[in-house]
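**Q** Below you'll find the structure I mean.
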Amino acid sequence: MKTDSRGSGERFADIQLLRYRLKGFDELSLKQKSYIYYLSEAALSGRDITTDQFGRYNLRIRQTLEALYEGYTGNRNDEQFQAVVLYLKRLWFSNGIYHHYGCDKFVPEFSEHFLKDALKKVDSSTLPLKTGESVDDLCSELFPVIFEPSLLPKRVNKSDGDDLVLTSACNYYEGVTQQEVEDFYAAKKAENDRLSFGLNSKLVKEDGALKEMVWTTDGLYGPALRRVVECLEKARNFTENERQKNIIDLLIRYYRTGDLQTFDDFSIEWLKETDGQVDFINGFIEVYGDPLGLKASWEALVEYKDMEATHRTQLISQNAQWFEDRSPVDARFRKKTVTGVTANAVCAAMLGGDEYPSTAIGINLPNADWIRAAYGSKSVTISNITEAYHECAAKSGMREEFIADEAVLQMMERYESVCDELHTNLHECLGHGSGQLLPGVSTDALKAYGSTIEEARADLFALYFMADPKMVELGLLPDSEAHCSEYYNYMLNGLMTQLVRIKPGQRIEEDHMRNRALIARWVYDHADGKVSMTQINGKTYLEISDYDALRGLFAELLAEIQRIKSEGDYAAARNLVERYAVGVDEALHAEILERYETLNISPYKGFLNPWLKPVFDKNGNIVDIVVDESETFAEQMLRYSREYGYLSKSEVKPW
């Protein structure tokens with residue numbers, strides 16, 4: 001098996017594609033490989049769900065452009081056709097027509113005239129035409145969405161003062177206002193404050209009444225979820241232990257019923273399973289794609305333990321109570337007893353749904369605060385993904401462009417990789433699981449600001465403890481200077497370099513970017529000159545003169561962020577986010593973009609999946625799983641549409 005995490009050789013728009021190594025896959029048993037294979041089939045089978053969740057027109061637009069891509073008979077080097085190809089690749093990468101990070105609708109660089117003329121020359125049987133529908137009808141429906149900038153312009157809008165439901169194009173609501181949504185779910189929470197109401201449904205208005213369309217095998221998204229269930233049933237035959245069987249049984253029951261109590265039962269059982277080497281995430285999990293933070297996108301990840309790297313994460317989780325007891329927050333907000341904290345470093349074997357092609361580097365679940373309090377949480381850091389990122393970043397030139405101090409450069413060269421991994425470990429393993437809500441405080445009390453505040457809380461927890469002597473004592477950092485690398489890198493990113501991901505004139509929208517901006521700008525504002533910006537030859541650079549002072553500021557802000565979360569202080573959350581996390585200094589932004597452009601690198605990275613191919617004997621039994629990494633991005637996307645297009649008109653493969 002040959003892999004190459006340095007890249008697939010393809011870049012387009014603001015994207016660079018990478019590959020991740022399946023370290024140690026060949027050493028797994030045949031049973032484990034088979035388990036991974038069927039879990040991977042389940043991970044890929046929900047692809048269309050995510051695409052539809054991200055915009056109600058996404059699937060039809062994707063199918064239309066794929067038909068043109070494969071059936072176009074004109075000059076494929078034509079500028080207009082190449083612009084269609086670029087648009088389609090961006091759509092593939094983002095699971096829809098909105099940027100995967102900024103959420104703005106793509107601007108097509110091809111004309112309406114070209115697209116309509118080209119579609120009329122394509123075999124109409126390959127187009128997603130409804131009964132009695134013509135190509136003109138198809139164009140009449142889709143062209144306004146594609147070409148009119150003011151129509152459904154943003155997938156997730158979080159602008160303060162707007163009706164966030166009416167102004168967001170995500171496909172979680174239809175015909176309802178923000179106030180109606182908030183009132184609807186507040187009434188449900190009043191009856192039961194534990195269940196994650198709204199997590200797995202679309203809320204619509206029919207005949208003047210609000211109605212939930214639940215995502216189940218017999219409901220909305222049924223064809224895709226039935227296939228996911230079939231794959232899970234096959235995976236069940238290869239589980240490593242009885243608890244894994246029970247986990248799959250509960251997940252299948254949840255997909256069939258949509259019952260949120262069953263989802264909680266599944267989540268509790270899932271976090272208790274720590275013995276097996278293979279694990280997975282599959283379901284409606286994260287709520288970043290909903291402006292109100294209620295409804296979850298479908299995602300999937302198949303993983304197996306990186307046994308060497310897991311030693312570090314287990315050291316952290318074994319000391320969870322030590323960290324909680326010494327957190328610089330009010331004692332009322334600390335957990336008296338930390339239970340059920342487990343953490344592993346894993347290798348991704350397959351990415352799916354909202355985890356593909358762009359994926360997280362660490363995950364901490366379940367998200368329900370009451371489950372965390374009663375049963376704990378399970379964290380993973382995805383080692384082969386972070387390795388791919390580090391290998392790519394090492395040659396980017398970013399450090400040299402944005403750091404002028406040679407001593408800082410040497411410090412970053414020495415410590416950045418180990419500190420970055422430790423920050424992720426602390427953020428995921430302990431940060432998200434730390435602290436507690438006060439009795440009676442709703443998990444949704446912070447509304448649209450909840451995700452930003454939660455990410456800031458986990459980051460601040462990590463930043464504060466990075467500088468603790470315990471890190472060196474546990475062997476997690478080599479010496480007491482190492483954390484300074486992470487402090488400098490974090491402040492540089494939050495104040496400056498993350499702005500390369502934003503177009504001129506835009507505000508910061510994505511929750512993780514808002515979190516980093518909030519922390520870095522608040523600290524800068526309160527640092528009394530110990531963090532400063534300096535000009536050298538017309539370029540702006542960051543200077544930090546007192547790293548100990550930074551730790552004190554991180555502690556102060558963590559205490560306030562935890563108070564906001566624990567007390568459900570919406571007004572304070574709104575004030576912090578709107579003051580520090582949203583706006584952009586236009587002059588500094590323009591300078592950063594100009595400097596970044598000279599590096600000729602892509603601000604966003606994503607991954608091609610391996611193609612796991614089962615080898616069967618004459619009796620139909622799997623005798624091996626072969627890893628094929630020969631696919632290009634377009635080949636993989638088109639194959640996925642053919643083989644996993646369960647909500648579309650595509651042909652689907654039989655078992």
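If you're wondering about the labels, chains in the structure tokens are A, B, ... by order shown, residues count from 1 in each chain, ligands from 1 in order shown.
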Mind checking DSSP for region 502-585 of chain A and telling me the strand (DSSP E or B) residues as a list in words?
**A**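 Residues of region 502-585 of chain A classed as strand (DSSP E or B): Val531, Ser532, Met533, Thr534, Gln535, Ile536, Lys539, Thr540, Tyr541, Leu542, Glu543 and Ile544 of chain A.
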**Q** Filtering to N, CA, C and O atoms, could you give me those residues as a PDB file, in the first residue's frame?
**A**
ATOM      1  N   VAL A 531       1.531  42.647  24.230  1.00  0.00           N
ATOM      2  CA  VAL A 531       1.310  42.128  22.884  1.00  0.00           C
ATOM      3  C   VAL A 531       1.109  43.339  21.992  1.00  0.00           C
ATOM      4  O   VAL A 531       0.259  44.187  22.271  1.00  0.00           O
ATOM      5  N   SER A 532       1.899  43.427  20.923  1.00  0.00           N
ATOM      6  CA  SER A 532       1.833  44.627  20.096  1.00  0.00           C
ATOM      7  C   SER A 532       2.039  44.281  18.632  1.00  0.00           C
ATOM      8  O   SER A 532       2.478  43.187  18.282  1.00  0.00           O
ATOM      9  N   MET A 533       1.693  45.235  17.782  1.00  0.00           N
ATOM     10  CA  MET A 533       1.938  45.136  16.344  1.00  0.00           C
ATOM     11  C   MET A 533       3.022  46.140  15.985  1.00  0.00           C
ATOM     12  O   MET A 533       2.979  47.302  16.420  1.00  0.00           O
ATOM     13  N   THR A 534       3.983  45.710  15.197  1.00  0.00           N
ATOM     14  CA  THR A 534       5.066  46.588  14.792  1.00  0.00           C
ATOM     15  C   THR A 534       5.211  46.581  13.284  1.00  0.00           C
ATOM     16  O   THR A 534       4.849  45.593  12.619  1.00  0.00           O
ATOM     17  N   GLN A 535       5.721  47.667  12.732  1.00  0.00           N
ATOM     18  CA  GLN A 535       5.924  47.796  11.291  1.00  0.00           C
ATOM     19  C   GLN A 535       7.406  47.660  10.968  1.00  0.00           C
ATOM     20  O   GLN A 535       8.250  48.331  11.564  1.00  0.00           O
ATOM     21  N   ILE A 536       7.706  46.768  10.037  1.00  0.00           N
ATOM     22  CA  ILE A 536       9.067  46.597   9.538  1.00  0.00           C
ATOM     23  C   ILE A 536       9.003  46.602   8.023  1.00  0.00           C
ATOM     24  O   ILE A 536       8.361  45.730   7.408  1.00  0.00           O
ATOM     25  N   LYS A 539       5.592  46.258   6.562  1.00  0.00           N
ATOM     26  CA  LYS A 539       4.825  45.061   6.864  1.00  0.00           C
ATOM     27  C   LYS A 539       4.543  44.973   8.363  1.00  0.00           C
ATOM     28  O   LYS A 539       5.388  45.360   9.178  1.00  0.00           O
ATOM     29  N   THR A 540       3.375  44.444   8.705  1.00  0.00           N
ATOM     30  CA  THR A 540       2.961  44.333  10.092  1.00  0.00           C
ATOM     31  C   THR A 540       3.391  42.989  10.672  1.00  0.00           C
ATOM     32  O   THR A 540       3.196  41.938  10.049  1.00  0.00           O
ATOM     33  N   TYR A 541       3.978  43.043  11.861  1.00  0.00           N
ATOM     34  CA  TYR A 541       4.391  41.825  12.551  1.00  0.00           C
ATOM     35  C   TYR A 541       3.908  41.866  13.999  1.00  0.00           C
ATOM     36  O   TYR A 541       3.655  42.933  14.564  1.00  0.00           O
ATOM     37  N   LEU A 542       3.804  40.702  14.597  1.00  0.00           N
ATOM     38  CA  LEU A 542       3.365  40.555  15.980  1.00  0.00           C
ATOM     39  C   LEU A 542       4.566  40.467  16.904  1.00  0.00           C
ATOM     40  O   LEU A 542       5.541  39.771  16.603  1.00  0.00           O
ATOM     41  N   GLU A 543       4.487  41.168  18.036  1.00  0.00           N
ATOM     42  CA  GLU A 543       5.512  41.065  19.068  1.00  0.00           C
ATOM     43  C   GLU A 543       4.853  40.712  20.395  1.00  0.00           C
ATOM     44  O   GLU A 543       3.826  41.289  20.763  1.00  0.00           O
ATOM     45  N   ILE A 544       5.445  39.754  21.112  1.00  0.00           N
ATOM     46  CA  ILE A 544       4.984  39.387  22.449  1.00  0.00           C
ATOM     47  C   ILE A 544       6.175  39.516  23.390  1.00  0.00           C
ATOM     48  O   ILE A 544       7.194  38.845  23.206  1.00  0.00           O
TER      49      ILE A 544
END
**Q** What parts of region 343-558 of chain A does DSSP call helix (DSSP H, G or I)? I'd like the answer as a ChimeraX atom specification.
**A** /A:369-375,383-393,398-402,406-431,447-466,469-473,483-495,497-501,511-526,547-558
**Q** Which residues are near region 305-322 of chain A? Cut-off 8 Å, only C-alpha atoms, ignore same chain within fewer than 5 positions. Put them as a list in words.
**A**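 Residues meeting the cut-off are Lys23, Gly24, Gln277, Val278, Thr337, Val338, Val341, Thr342, Ala343, Asn344, Ala345, Val346, Cys347, Ser383, Asn425, Leu426, Cys429, Leu430, Leu474 and Leu476 of chain A.
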**Q** Write the selection just made, keeping all heavy atoms, as a CSV table (one decimal), in the first residue's frame?
**A**
chain,number,residue,atom,x,y,z
A,23,LYS,N,-1.8,4.5,8.3
A,23,LYS,CA,-0.7,3.9,9.0
A,23,LYS,C,-1.2,2.7,9.8
A,23,LYS,O,-2.2,2.7,10.5
A,23,LYS,CB,-0.2,4.9,10.0
A,23,LYS,CG,0.3,6.2,9.5
A,23,LYS,CD,0.9,7.1,10.6
A,23,LYS,CE,-0.1,7.4,11.7
A,23,LYS,NZ,0.5,8.2,12.8
A,24,GLY,N,-0.5,1.6,9.6
A,24,GLY,CA,-0.8,0.4,10.4
A,24,GLY,C,-2.0,-0.4,9.9
A,24,GLY,O,-2.4,-1.4,10.5
A,277,GLN,N,-10.3,-1.6,18.9
A,277,GLN,CA,-9.3,-0.7,18.2
A,277,GLN,C,-10.0,0.1,17.1
A,277,GLN,O,-9.6,1.2,16.7
A,277,GLN,CB,-8.2,-1.6,17.5
A,277,GLN,CG,-7.1,-0.7,16.9
A,277,GLN,CD,-5.9,-1.5,16.5
A,277,GLN,OE1,-5.8,-2.7,16.8
A,277,GLN,NE2,-4.9,-0.9,15.9
A,278,VAL,N,-11.2,-0.4,16.6
A,278,VAL,CA,-11.9,0.3,15.5
A,278,VAL,C,-13.1,1.0,16.1
A,278,VAL,O,-13.8,0.5,17.0
A,278,VAL,CB,-12.4,-0.7,14.4
A,278,VAL,CG1,-13.2,0.0,13.3
A,278,VAL,CG2,-11.2,-1.4,13.8
A,337,THR,N,-16.6,15.9,40.4
A,337,THR,CA,-16.0,14.6,40.0
A,337,THR,C,-16.1,14.4,38.5
A,337,THR,O,-17.1,14.5,37.9
A,337,THR,CB,-16.8,13.4,40.7
A,337,THR,OG1,-16.8,13.6,42.1
A,337,THR,CG2,-16.1,12.1,40.3
A,338,VAL,N,-14.9,14.3,37.9
A,338,VAL,CA,-14.8,14.0,36.5
A,338,VAL,C,-14.9,12.6,36.2
A,338,VAL,O,-14.1,11.8,36.7
A,338,VAL,CB,-13.5,14.6,35.9
A,338,VAL,CG1,-13.4,14.4,34.4
A,338,VAL,CG2,-13.4,16.1,36.2
A,341,VAL,N,-13.9,10.2,31.1
A,341,VAL,CA,-13.1,10.9,30.1
A,341,VAL,C,-12.1,9.9,29.5
A,341,VAL,O,-11.2,9.4,30.1
A,341,VAL,CB,-12.3,12.1,30.7
A,341,VAL,CG1,-11.5,12.7,29.7
A,341,VAL,CG2,-13.3,13.1,31.3
A,342,THR,N,-12.3,9.6,28.2
A,342,THR,CA,-11.4,8.8,27.5
A,342,THR,C,-10.9,9.5,26.2
A,342,THR,O,-11.6,10.3,25.7
A,342,THR,CB,-12.1,7.5,27.0
A,342,THR,OG1,-13.2,7.8,26.2
A,342,THR,CG2,-12.6,6.7,28.2
A,343,ALA,N,-9.7,9.3,25.9
A,343,ALA,CA,-9.1,10.0,24.7
A,343,ALA,C,-8.2,9.0,24.0
A,343,ALA,O,-7.4,8.3,24.6
A,343,ALA,CB,-8.4,11.2,25.2
A,344,ASN,N,-8.2,9.1,22.7
A,344,ASN,CA,-7.3,8.3,21.9
A,344,ASN,C,-6.9,9.1,20.7
A,344,ASN,O,-7.6,10.0,20.2
A,344,ASN,CB,-8.1,7.0,21.3
A,344,ASN,CG,-8.4,6.1,22.5
A,344,ASN,OD1,-7.6,5.5,23.1
A,344,ASN,ND2,-9.7,5.9,22.7
A,345,ALA,N,-5.7,8.8,20.2
A,345,ALA,CA,-5.3,9.2,18.9
A,345,ALA,C,-5.6,8.1,17.9
A,345,ALA,O,-5.4,7.0,18.1
A,345,ALA,CB,-3.7,9.5,18.9
A,346,VAL,N,-6.2,8.6,16.8
A,346,VAL,CA,-6.7,7.6,15.8
A,346,VAL,C,-6.2,7.9,14.4
A,346,VAL,O,-5.8,9.1,14.1
A,346,VAL,CB,-8.3,7.5,15.8
A,346,VAL,CG1,-8.8,7.2,17.2
A,346,VAL,CG2,-8.8,8.9,15.3
A,347,CYS,N,-6.3,7.0,13.6
A,347,CYS,CA,-6.1,7.2,12.1
A,347,CYS,C,-7.5,7.1,11.4
A,347,CYS,O,-8.3,6.2,11.7
A,347,CYS,CB,-5.2,6.1,11.5
A,347,CYS,SG,-3.5,6.2,12.0
A,383,SER,N,-4.6,11.6,14.1
A,383,SER,CA,-3.2,11.8,13.9
A,383,SER,C,-2.7,11.8,12.4
A,383,SER,O,-1.9,12.6,12.0
A,383,SER,CB,-2.4,10.7,14.6
A,383,SER,OG,-2.7,9.4,14.1
A,425,ASN,N,-5.2,18.1,21.6
A,425,ASN,CA,-5.5,17.1,22.7
A,425,ASN,C,-6.2,17.7,23.9
A,425,ASN,O,-7.2,17.2,24.3
A,425,ASN,CB,-4.2,16.4,23.1
A,425,ASN,CG,-3.6,15.5,22.1
A,425,ASN,OD1,-2.3,15.3,22.2
A,425,ASN,ND2,-4.3,15.0,21.1
A,426,LEU,N,-5.7,18.8,24.4
A,426,LEU,CA,-6.3,19.4,25.5
A,426,LEU,C,-7.7,20.0,25.2
A,426,LEU,O,-8.6,19.9,26.0
A,426,LEU,CB,-5.4,20.5,26.0
A,426,LEU,CG,-4.1,20.1,26.7
A,426,LEU,CD1,-3.1,21.3,26.9
A,426,LEU,CD2,-4.3,19.4,28.0
A,429,CYS,N,-9.9,16.6,24.4
A,429,CYS,CA,-10.0,15.6,25.5
A,429,CYS,C,-10.6,16.2,26.8
A,429,CYS,O,-11.3,15.5,27.4
A,429,CYS,CB,-8.6,15.0,25.8
A,429,CYS,SG,-7.8,14.2,24.3
A,430,LEU,N,-10.2,17.4,27.1
A,430,LEU,CA,-10.6,18.0,28.4
A,430,LEU,C,-11.4,19.3,28.3
A,430,LEU,O,-12.3,19.5,29.0
A,430,LEU,CB,-9.3,18.2,29.2
A,430,LEU,CG,-8.4,17.0,29.6
A,430,LEU,CD1,-7.3,17.4,30.5
A,430,LEU,CD2,-9.3,15.9,30.2
A,474,LEU,N,4.6,15.5,32.8
A,474,LEU,CA,4.0,14.3,32.1
A,474,LEU,C,4.7,13.9,30.9
A,474,LEU,O,4.4,12.9,30.3
A,474,LEU,CB,2.5,14.6,31.8
A,474,LEU,CG,1.6,14.8,33.0
A,474,LEU,CD1,0.2,15.2,32.5
A,474,LEU,CD2,1.5,13.5,33.8
A,476,LEU,N,4.7,15.6,28.1
A,476,LEU,CA,3.9,16.1,27.0
A,476,LEU,C,4.5,17.2,26.2
A,476,LEU,O,4.3,17.4,25.0
A,476,LEU,CB,2.5,16.5,27.4
A,476,LEU,CG,1.7,15.4,28.1
A,476,LEU,CD1,0.4,15.9,28.7
A,476,LEU,CD2,1.3,14.3,27.0
**Q** Nearest residue to Ile371 (chain A) out of A:Ser358, A:Ser396, A:Thr339, A:Gln16, using only C-alpha atoms?
**A**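 Of A:Ser358, A:Ser396, A:Thr339, A:Gln16, the one nearest Ile371 (chain A), counting only C-alpha atoms, is A:Thr339.
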**Q** Rank nothing, just name the residue among A:Ser267, A:Thr239, A:Thr443, A:Ser327 nearest to Asn364 (chain A), using only C-alpha atoms.
**A**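 Ranking A:Ser267, A:Thr239, A:Thr443, A:Ser327 by distance to Asn364 (chain A), first place goes to A:Ser267.
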**Q** So which residues touch Arg256 (chain A) within 10 Å, counting only C-alpha atoms, skipping near sequence neighbours fewer than 4 positions away, as a list in words?
**A**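 What passes the distance filter is Trp215, Thr216, Thr217, Asp218, Gly219, Gly222, Leu225, Arg226, Val229, Leu250, Leu251 and Ile252 of chain A.
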**Q** Kindly save the residues from that selection, with all heavy atoms included, as a compact mmCIF listing (two decimals), in the first residue's frame.
**A**
# COMPACT_ATOMS: atom_id res chain seq x y z
N TRP A 215 -35.85 12.91 10.20
CA TRP A 215 -34.96 12.17 9.30
C TRP A 215 -34.85 10.73 9.78
O TRP A 215 -34.08 10.42 10.70
CB TRP A 215 -33.59 12.85 9.27
CG TRP A 215 -33.66 14.31 8.90
CD1 TRP A 215 -34.51 14.89 7.99
CD2 TRP A 215 -32.86 15.37 9.44
NE1 TRP A 215 -34.29 16.25 7.93
CE2 TRP A 215 -33.29 16.57 8.80
CE3 TRP A 215 -31.84 15.43 10.38
CZ2 TRP A 215 -32.71 17.82 9.09
CZ3 TRP A 215 -31.28 16.67 10.67
CH2 TRP A 215 -31.70 17.84 10.02
N THR A 216 -35.61 9.85 9.15
CA THR A 216 -35.60 8.43 9.53
C THR A 216 -35.62 7.57 8.28
O THR A 216 -35.79 8.06 7.16
CB THR A 216 -36.84 8.08 10.38
OG1 THR A 216 -38.02 8.19 9.55
CG2 THR A 216 -36.98 8.98 11.58
N THR A 217 -35.51 6.26 8.48
CA THR A 217 -35.52 5.33 7.34
C THR A 217 -36.84 5.35 6.60
O THR A 217 -36.89 5.02 5.41
CB THR A 217 -35.23 3.89 7.83
OG1 THR A 217 -36.15 3.55 8.87
CG2 THR A 217 -33.80 3.75 8.32
N ASP A 218 -37.93 5.71 7.28
CA ASP A 218 -39.24 5.79 6.63
C ASP A 218 -39.73 7.23 6.50
O ASP A 218 -40.88 7.46 6.13
CB ASP A 218 -40.28 4.98 7.43
CG ASP A 218 -40.01 3.49 7.38
OD1 ASP A 218 -39.61 3.00 6.30
OD2 ASP A 218 -40.18 2.83 8.42
N GLY A 219 -38.87 8.18 6.80
CA GLY A 219 -39.25 9.58 6.73
C GLY A 219 -38.37 10.33 5.75
O GLY A 219 -37.92 9.78 4.74
N GLY A 222 -35.14 8.96 3.86
CA GLY A 222 -35.29 7.52 4.02
C GLY A 222 -34.42 6.66 3.13
O GLY A 222 -33.77 5.73 3.63
N LEU A 225 -30.83 6.71 4.42
CA LEU A 225 -30.70 6.12 5.77
C LEU A 225 -30.95 4.62 5.75
O LEU A 225 -30.35 3.88 6.54
CB LEU A 225 -31.66 6.82 6.73
CG LEU A 225 -31.28 8.27 7.07
CD1 LEU A 225 -32.35 8.92 7.93
CD2 LEU A 225 -29.92 8.33 7.76
N ARG A 226 -31.82 4.15 4.86
CA ARG A 226 -32.01 2.69 4.76
C ARG A 226 -30.73 2.03 4.29
O ARG A 226 -30.37 0.94 4.77
CB ARG A 226 -33.17 2.38 3.80
CG ARG A 226 -34.55 2.69 4.39
CD ARG A 226 -35.66 2.06 3.58
NE ARG A 226 -35.82 2.65 2.26
CZ ARG A 226 -36.57 3.73 2.00
NH1 ARG A 226 -37.22 4.34 2.99
NH2 ARG A 226 -36.68 4.19 0.77
N VAL A 229 -28.29 1.93 7.17
CA VAL A 229 -28.67 0.84 8.08
C VAL A 229 -28.22 -0.51 7.53
O VAL A 229 -27.69 -1.36 8.27
CB VAL A 229 -30.18 0.86 8.35
CG1 VAL A 229 -30.64 -0.44 8.99
CG2 VAL A 229 -30.54 2.05 9.24
N LEU A 250 -28.42 0.13 18.63
CA LEU A 250 -29.06 1.35 19.08
C LEU A 250 -29.09 2.41 17.97
O LEU A 250 -30.08 3.12 17.79
CB LEU A 250 -28.34 1.91 20.31
CG LEU A 250 -28.58 1.16 21.62
CD1 LEU A 250 -27.58 1.59 22.68
CD2 LEU A 250 -30.01 1.40 22.11
N LEU A 251 -27.99 2.51 17.21
CA LEU A 251 -27.96 3.48 16.12
C LEU A 251 -28.98 3.13 15.05
O LEU A 251 -29.68 4.00 14.53
CB LEU A 251 -26.55 3.55 15.53
CG LEU A 251 -26.34 4.55 14.39
CD1 LEU A 251 -26.73 5.97 14.82
CD2 LEU A 251 -24.90 4.52 13.89
N ILE A 252 -29.09 1.85 14.73
CA ILE A 252 -30.09 1.41 13.75
C ILE A 252 -31.50 1.73 14.25
O ILE A 252 -32.35 2.23 13.49
CB ILE A 252 -29.93 -0.09 13.46
CG1 ILE A 252 -28.65 -0.34 12.65
CG2 ILE A 252 -31.14 -0.63 12.71
CD1 ILE A 252 -28.30 -1.80 12.47
**Q** Give me the residues near region 79-86 of chain A as a VMD selection string, where near means some atom within 9 Å (using only C-alpha atoms) and where sequence neighbours in that chain fewer than 4 positions away do not count.
**A** chain A and resid 12 to 13 65 68 to 69 72 74 to 75 90 to 91 108 to 111 114 to 115 118
**Q** What's around region 139-155 of chain A at 10 Å? Count only C-alpha atoms, leave out sequence neighbours fewer than 4 positions away in its own chain, and write the answer as JSON, numbers by chain.
**A** {"A": [53, 54, 55, 57, 58, 60, 61, 64, 96, 97, 98, 99, 100, 102, 103, 104, 105, 106, 107, 108, 109, 110, 111, 112, 115, 116, 119, 134, 135, 166, 167, 168, 169, 170, 171, 289, 290, 291]}
**Q** Atoms to include: C-alpha atoms. Write the selected residues as a CSV table (one decimal), in the first residue's frame.
**A**
chain,number,residue,atom,x,y,z
A,53,GLN,CA,-29.1,19.8,4.2
A,54,PHE,CA,-26.7,22.5,3.0
A,55,GLY,CA,-29.2,23.9,0.5
A,57,TYR,CA,-31.3,23.0,-4.6
A,58,ASN,CA,-27.8,21.5,-4.1
A,60,ARG,CA,-30.3,19.0,-8.5
A,61,ILE,CA,-27.6,21.5,-9.3
A,64,THR,CA,-27.2,18.8,-13.6
A,96,GLY,CA,-23.2,22.4,-2.2
A,97,ILE,CA,-23.1,25.8,-3.8
A,98,TYR,CA,-21.9,27.6,-0.7
A,99,HIS,CA,-18.3,28.0,0.5
A,100,HIS,CA,-17.6,25.3,3.1
A,102,GLY,CA,-17.4,31.2,4.7
A,103,CYS,CA,-20.9,30.0,3.7
A,104,ASP,CA,-21.2,32.6,0.8
A,105,LYS,CA,-22.7,31.4,-2.4
A,106,PHE,CA,-20.3,30.8,-5.2
A,107,VAL,CA,-20.2,33.3,-8.1
A,108,PRO,CA,-20.3,31.5,-11.4
A,109,GLU,CA,-17.7,32.6,-14.0
A,110,PHE,CA,-19.7,31.1,-16.9
A,111,SER,CA,-22.8,32.6,-18.5
A,112,GLU,CA,-26.4,31.6,-18.4
A,115,LEU,CA,-25.0,26.7,-19.6
A,116,LYS,CA,-28.4,26.5,-21.1
A,119,LEU,CA,-27.4,21.5,-21.3
A,134,SER,CA,-38.1,20.0,-20.0
A,135,VAL,CA,-34.6,21.4,-20.0
A,166,LEU,CA,-35.2,33.6,7.0
A,167,THR,CA,-31.8,34.8,5.8
A,168,SER,CA,-30.0,31.5,5.9
A,169,ALA,CA,-30.2,29.1,2.9
A,170,CYS,CA,-29.5,25.9,4.8
A,171,ASN,CA,-32.3,23.4,4.4
A,289,GLY,CA,-24.5,24.6,10.0
A,290,ASP,CA,-27.7,25.8,11.7
A,291,PRO,CA,-27.6,29.5,12.6
